[in-house]
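Peer 1: I have a structure I would like to understand better, so I am pasting it below and will then ask my questions one at a time.
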Amino acid sequence: MSAEDGSAPAAPFDLEAIRREFDELAARVPDRATWEALRVRFLGRKQGVVRSALEAISQVAPAHRKAYGAAVNRLKLHVEAEVERLEVALRAAAEAGSRRTLLDVTLPGRRPRVGSLHPVTVAARAIEGIFRELGYTVAEGPEVEDDFHNFEALNFPPDHPARDTQDTFFVEGGLLLRTHTSPVQIRTLLARKPPIRVICPGRVFRCDNDLRHSPMFHQIECLAVAEGITFSDLRGTLEAFVGRLFAGSGVRLRPSFFPFTEPSCEVDITCPFCRGNGCETCSGSGWMEILGSGMVDPRVLANCGLDPDVYSGFAFGMGVDRVAMIRYGVPNIRSLFENDERLLRQIKA
Ligand code: DAH
């Protein structure tokens, strides 16, 4: 074949058609795989359309070679530039896409962990709330006490076992960590004139550590002193209080002894778990011991400068931790103070 016989074409490839086809395909390159196929098809070393068009120059009639060569070169430059531009665009889109993944605003939010009140705080607030409604105010006293307020004025004889170092933490200077909230009774009686209706919440300390005892625990003391207060007032108040705190539980009074009350009694409540039928929690008795109480001993009134022939009163004291344990079924008092988040979350009130 030669150019002279007129059989050699001016252009063996329709370069315009190739360019149109390329442009059409290049307009729709959504991903890397499509881009790669496009690149191989037009610029591939072996079968690439552009290379084949370049190599075909030998078939072009000499008179047209220059023009054809220039046209193939323009096509090659155009395809190369477009393929590169597409690659840059794809990479930019991929980066933007991964940034979008990091910031996927459609994902559900991460809930911040919200704290809750400690079960002992919840129990203390429930108790305080009931007494506030009954007209009581809150009185507080120091945790480091002296012998007079913690023992002597409360009618503990000098050799009473509660004064033993086995029970009491003594601190320097003849002071001690209060073993109960009853000294706040003394402080209140010395500071105010009857009628008095106070509750005294606070921390107390004893040298005791086992499943049911912690060296630090919480009590709430209740004190009512006025003219003409009787044992019936004590009983009525206990019934009103217990019935509210443990929805419908009743009370049982058992004779007991405390140096600062006369007569004294232990107070049991109907077991809130079995309603008094007897269960494992109440050891089958149907009752649970919850607090100590009694009529304020005339000697305590006298120690605080009040005439026992004019004034009388009642008092009771309870362990707040015990109330929390009963409410939430916590068997071990110490687990309330270990700050194990799992327990606190479980009994979140
Ligand atoms: N203070 C006593 C204790 O810690 C509890 C108590 C019993 C308080 C009888 C009282 C009461 O006010 O009348 O064991």
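Note on naming: chains are A, B, ... as they come in the structure tokens, residues start from 1 per chain, ligands start from 1 in the order shown.
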When the cut-off is 8 Å and you count only C-alpha atoms and all ligand atoms, which residues lie near ligand 1, shown as a list in words?
Peer 2: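 The residues near ligand 1 are Thr179, His180, Thr181, Ser182, Gln185, Gln219, Glu221, Cys222, Leu223, Phe258, Phe260, Thr261, Ser264, Cys265, Glu266, Leu291, Gly292, Ser293, Gly294, Met295, Val296, Phe314, Ala315, Phe316, Gly317 and Met318 of chain A.
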Peer 1: Give me the residues within 8 Å of A:Ile186 as a list in words, counting only C-alpha atoms and dropping any in the same chain fewer than 2 places off.
Peer 2: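 Selected residues are His149, Ala153, Leu154, Ser182, Pro183, Val184, Thr188, Leu189, Leu190, Val300 and Cys304 of chain A.
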Peer 1: Keeping N, CA, C and O atoms, export the residues of the selection given above as a compact mmCIF listing (two decimals), in the first residue's frame.
Peer 2:
# COMPACT_ATOMS: atom_id res chain seq x y z
N HIS A 149 -21.27 17.03 126.00
CA HIS A 149 -22.43 16.96 125.09
C HIS A 149 -22.72 15.54 124.61
O HIS A 149 -23.87 15.17 124.42
N ALA A 153 -24.06 15.12 129.68
CA ALA A 153 -25.37 15.77 129.74
C ALA A 153 -26.48 14.82 129.33
O ALA A 153 -27.66 15.01 129.67
N LEU A 154 -26.12 13.76 128.58
CA LEU A 154 -27.11 12.78 128.15
C LEU A 154 -27.27 11.66 129.18
O LEU A 154 -27.86 10.62 128.89
N SER A 182 -27.28 12.47 119.26
CA SER A 182 -27.97 12.96 120.46
C SER A 182 -27.32 14.19 121.09
O SER A 182 -28.05 14.99 121.72
N PRO A 183 -25.99 14.41 120.98
CA PRO A 183 -25.45 15.66 121.55
C PRO A 183 -26.09 16.92 120.96
O PRO A 183 -26.09 17.97 121.61
N VAL A 184 -26.65 16.82 119.75
CA VAL A 184 -27.30 17.99 119.17
C VAL A 184 -28.59 18.32 119.95
O VAL A 184 -29.00 19.47 120.02
N THR A 188 -29.25 21.97 121.37
CA THR A 188 -30.50 22.66 121.05
C THR A 188 -31.23 23.09 122.33
O THR A 188 -31.71 24.22 122.45
N LEU A 189 -31.28 22.15 123.31
CA LEU A 189 -31.97 22.47 124.56
C LEU A 189 -31.29 23.62 125.30
O LEU A 189 -31.95 24.41 125.97
N LEU A 190 -29.94 23.69 125.18
CA LEU A 190 -29.21 24.77 125.84
C LEU A 190 -29.40 26.10 125.11
O LEU A 190 -29.33 27.17 125.72
N VAL A 300 -31.94 14.81 131.79
CA VAL A 300 -31.40 15.50 130.61
C VAL A 300 -31.97 16.92 130.56
O VAL A 300 -31.24 17.89 130.33
N CYS A 304 -29.97 20.64 131.15
CA CYS A 304 -30.00 21.75 130.19
C CYS A 304 -30.77 22.95 130.76
O CYS A 304 -31.18 23.86 130.03
Peer 1: List as a list in words the protein and nucleic acid residues near A:His218, meaning an atom at most 9 Å away when only C-alpha atoms are counted, but skip any in the same chain fewer than 3 places from it.
Peer 2: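 Contacts, with the query itself left out: Val120, Ala124, His180, Thr181, Pro201, Gly202, Arg203, Val204, Phe205, Met318, Gly319, Val320, Asp321 and Arg322 of chain A.
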Peer 1: If you keep C-alpha atoms, can you produce a file of those selected residues as a short mmCIF file (atom, residue, chain, number, x, y, z; two decimals), in the first residue's frame?
Peer 2:
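Result went into part_9.cif, see below:
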data_model
loop_
_atom_site.label_atom_id
_atom_site.label_comp_id
_atom_site.auth_asym_id
_atom_site.auth_seq_id
_atom_site.Cartn_x
_atom_site.Cartn_y
_atom_site.Cartn_z
CA VAL A 120 -27.97 7.83 101.74
CA ALA A 124 -31.92 11.53 104.43
CA HIS A 180 -24.43 9.62 117.88
CA THR A 181 -26.44 12.71 116.96
CA PRO A 201 -29.04 14.85 110.73
CA GLY A 202 -25.34 14.12 110.60
CA ARG A 203 -22.34 11.81 110.51
CA VAL A 204 -21.42 9.78 113.54
CA PHE A 205 -18.42 7.59 114.30
CA MET A 318 -32.25 6.34 113.56
CA GLY A 319 -29.56 5.18 111.20
CA VAL A 320 -30.06 6.76 107.78
CA ASP A 321 -27.82 4.15 106.17
CA ARG A 322 -30.06 1.46 107.57
#
Peer 1: Using the chain letters and numbers from this document, which residues of stretch 118-303 of chain A does DSSP assign to strand (DSSP E), as a PyMOL selection string?
Peer 2: chain A and resi 137-138+144-145+170-171+175-177+196-205+216-227+251-258+261-270+287-296
Peer 1: May I have all residues of stretch 39-210 of chain A that DSSP, computed from the backbone, assigns to alpha helix (DSSP H), given as a PyMOL selection string?
Peer 2: chain A and resi 39-43+49-55+62-102+119-133+147-150+183-191
Peer 1: Give me the residues near A:Leu38 as a list in words, where near means some atom within 9 Å (using only C-alpha atoms) and where sequence neighbours in that chain fewer than 3 positions away do not count.
Peer 2: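 In the requested form, the answer reads Phe22, Leu25, Ala26, Val29, Ala33, Thr34, Trp35, Arg41, Phe42, Leu43 and Val83 of chain A.
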Peer 1: Write the selection just made, keeping all heavy atoms, as a compact mmCIF listing (two decimals), in the first residue's frame?
Peer 2:
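As a result, selection.txt now contains:
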# COMPACT_ATOMS: atom_id res chain seq x y z
N PHE A 22 -14.44 10.22 24.39
CA PHE A 22 -13.69 10.42 25.64
C PHE A 22 -14.39 11.46 26.53
O PHE A 22 -14.59 11.25 27.73
CB PHE A 22 -12.25 10.84 25.36
CG PHE A 22 -11.50 11.20 26.61
CD1 PHE A 22 -10.97 10.22 27.45
CD2 PHE A 22 -11.35 12.54 27.00
CE1 PHE A 22 -10.30 10.56 28.62
CE2 PHE A 22 -10.70 12.89 28.16
CZ PHE A 22 -10.17 11.89 28.97
N LEU A 25 -17.42 10.11 28.23
CA LEU A 25 -17.11 9.21 29.35
C LEU A 25 -16.50 9.97 30.53
O LEU A 25 -16.81 9.71 31.69
CB LEU A 25 -16.15 8.10 28.90
CG LEU A 25 -16.74 7.10 27.91
CD1 LEU A 25 -15.64 6.18 27.35
CD2 LEU A 25 -17.82 6.26 28.60
N ALA A 26 -15.64 10.95 30.19
CA ALA A 26 -14.96 11.69 31.27
C ALA A 26 -15.94 12.53 32.09
O ALA A 26 -15.67 12.90 33.24
CB ALA A 26 -13.87 12.59 30.68
N VAL A 29 -17.41 10.17 35.78
CA VAL A 29 -16.44 9.31 36.48
C VAL A 29 -16.72 9.40 37.97
O VAL A 29 -16.18 10.24 38.67
CB VAL A 29 -14.99 9.72 36.16
CG1 VAL A 29 -14.00 8.80 36.87
CG2 VAL A 29 -14.75 9.66 34.65
N ALA A 33 -12.57 3.26 40.20
CA ALA A 33 -12.56 2.12 39.26
C ALA A 33 -12.94 2.60 37.86
O ALA A 33 -12.31 2.21 36.87
CB ALA A 33 -13.54 1.05 39.74
N THR A 34 -13.92 3.48 37.76
CA THR A 34 -14.33 4.02 36.46
C THR A 34 -13.19 4.84 35.85
O THR A 34 -12.91 4.77 34.65
CB THR A 34 -15.58 4.92 36.63
OG1 THR A 34 -16.49 4.25 37.50
CG2 THR A 34 -16.23 5.22 35.30
N TRP A 35 -12.53 5.59 36.74
CA TRP A 35 -11.41 6.42 36.29
C TRP A 35 -10.30 5.54 35.71
O TRP A 35 -9.75 5.81 34.64
CB TRP A 35 -10.88 7.25 37.47
CG TRP A 35 -9.64 8.02 37.13
CD1 TRP A 35 -9.57 9.24 36.52
CD2 TRP A 35 -8.30 7.60 37.35
NE1 TRP A 35 -8.27 9.62 36.34
CE2 TRP A 35 -7.45 8.63 36.85
CE3 TRP A 35 -7.72 6.47 37.92
CZ2 TRP A 35 -6.06 8.55 36.92
CZ3 TRP A 35 -6.33 6.40 37.98
CH2 TRP A 35 -5.51 7.42 37.48
N ARG A 41 -8.29 2.49 28.96
CA ARG A 41 -8.88 2.41 27.62
C ARG A 41 -8.26 3.44 26.66
O ARG A 41 -8.03 3.14 25.50
CB ARG A 41 -10.38 2.65 27.76
CG ARG A 41 -11.07 2.80 26.42
CD ARG A 41 -12.50 2.37 26.49
NE ARG A 41 -13.11 2.61 25.22
CZ ARG A 41 -14.39 2.87 25.06
NH1 ARG A 41 -15.17 2.87 26.12
NH2 ARG A 41 -14.89 3.07 23.86
N PHE A 42 -7.98 4.64 27.15
CA PHE A 42 -7.48 5.68 26.24
C PHE A 42 -5.97 5.82 26.27
O PHE A 42 -5.35 6.11 25.27
CB PHE A 42 -8.16 7.02 26.56
CG PHE A 42 -9.57 7.06 26.06
CD1 PHE A 42 -10.61 6.59 26.84
CD2 PHE A 42 -9.86 7.52 24.77
CE1 PHE A 42 -11.91 6.58 26.38
CE2 PHE A 42 -11.15 7.51 24.30
CZ PHE A 42 -12.20 7.04 25.11
N LEU A 43 -5.36 5.61 27.46
CA LEU A 43 -3.91 5.86 27.54
C LEU A 43 -3.09 4.59 27.78
O LEU A 43 -1.88 4.67 27.90
CB LEU A 43 -3.62 6.86 28.68
CG LEU A 43 -4.19 8.27 28.48
CD1 LEU A 43 -3.90 9.13 29.71
CD2 LEU A 43 -3.63 8.94 27.24
N VAL A 83 -7.48 13.23 32.27
CA VAL A 83 -7.34 12.08 33.19
C VAL A 83 -6.68 12.53 34.50
O VAL A 83 -7.11 12.15 35.60
CB VAL A 83 -6.53 10.95 32.50
CG1 VAL A 83 -6.04 9.93 33.53
CG2 VAL A 83 -7.39 10.26 31.46
Peer 1: For the atom pair atom CA of A:Gly174 and atom CA of A:Glu145, what is the interatomic distance in Å to one decimal place?
Peer 2: 9.3 Å
Peer 1: Rounded to one decimal, what separation in Å do you get between atom CA of A:Glu239 and atom CA of A:Val251?
Peer 2: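 Answer for the atom CA of A:Glu239 to atom CA of A:Val251 separation: 6.2 Å.
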Peer 1: My list of candidates is A:Glu21, A:Cys279, A:His213, A:Ile290. Which is closest to A:Leu238 when distances are computed with only C-alpha atoms?
Peer 2: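 Nearest to A:Leu238: A:Ile290.
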Peer 1: Determine the nearest neighbour of A:Pro30 from the options A:Arg334, A:Arg244, A:Arg192, A:Arg91, counting only C-alpha atoms.
Peer 2: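 For A:Pro30, the nearest of the candidates is A:Arg91.
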Peer 1: Which residues are close to stretch 267-278 of chain A, i.e. within 9 Å by only C-alpha atoms, leaving aside same-chain residues fewer than 2 positions away? Reply as a list in words.
Peer 2: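 The neighbour list is Leu238, Val242, Phe246, Ala247, Gly248, Ser249, Gly250, Val251, Arg252, Leu253, Arg254, Pro255, Cys265, Glu280, Thr281, Cys282, Ser283, Gly284, Ser285, Gly286, Trp287, Met288, Glu289, Ile290, Leu291, Gly292, Ser293, Ile326 and Arg327 of chain A.
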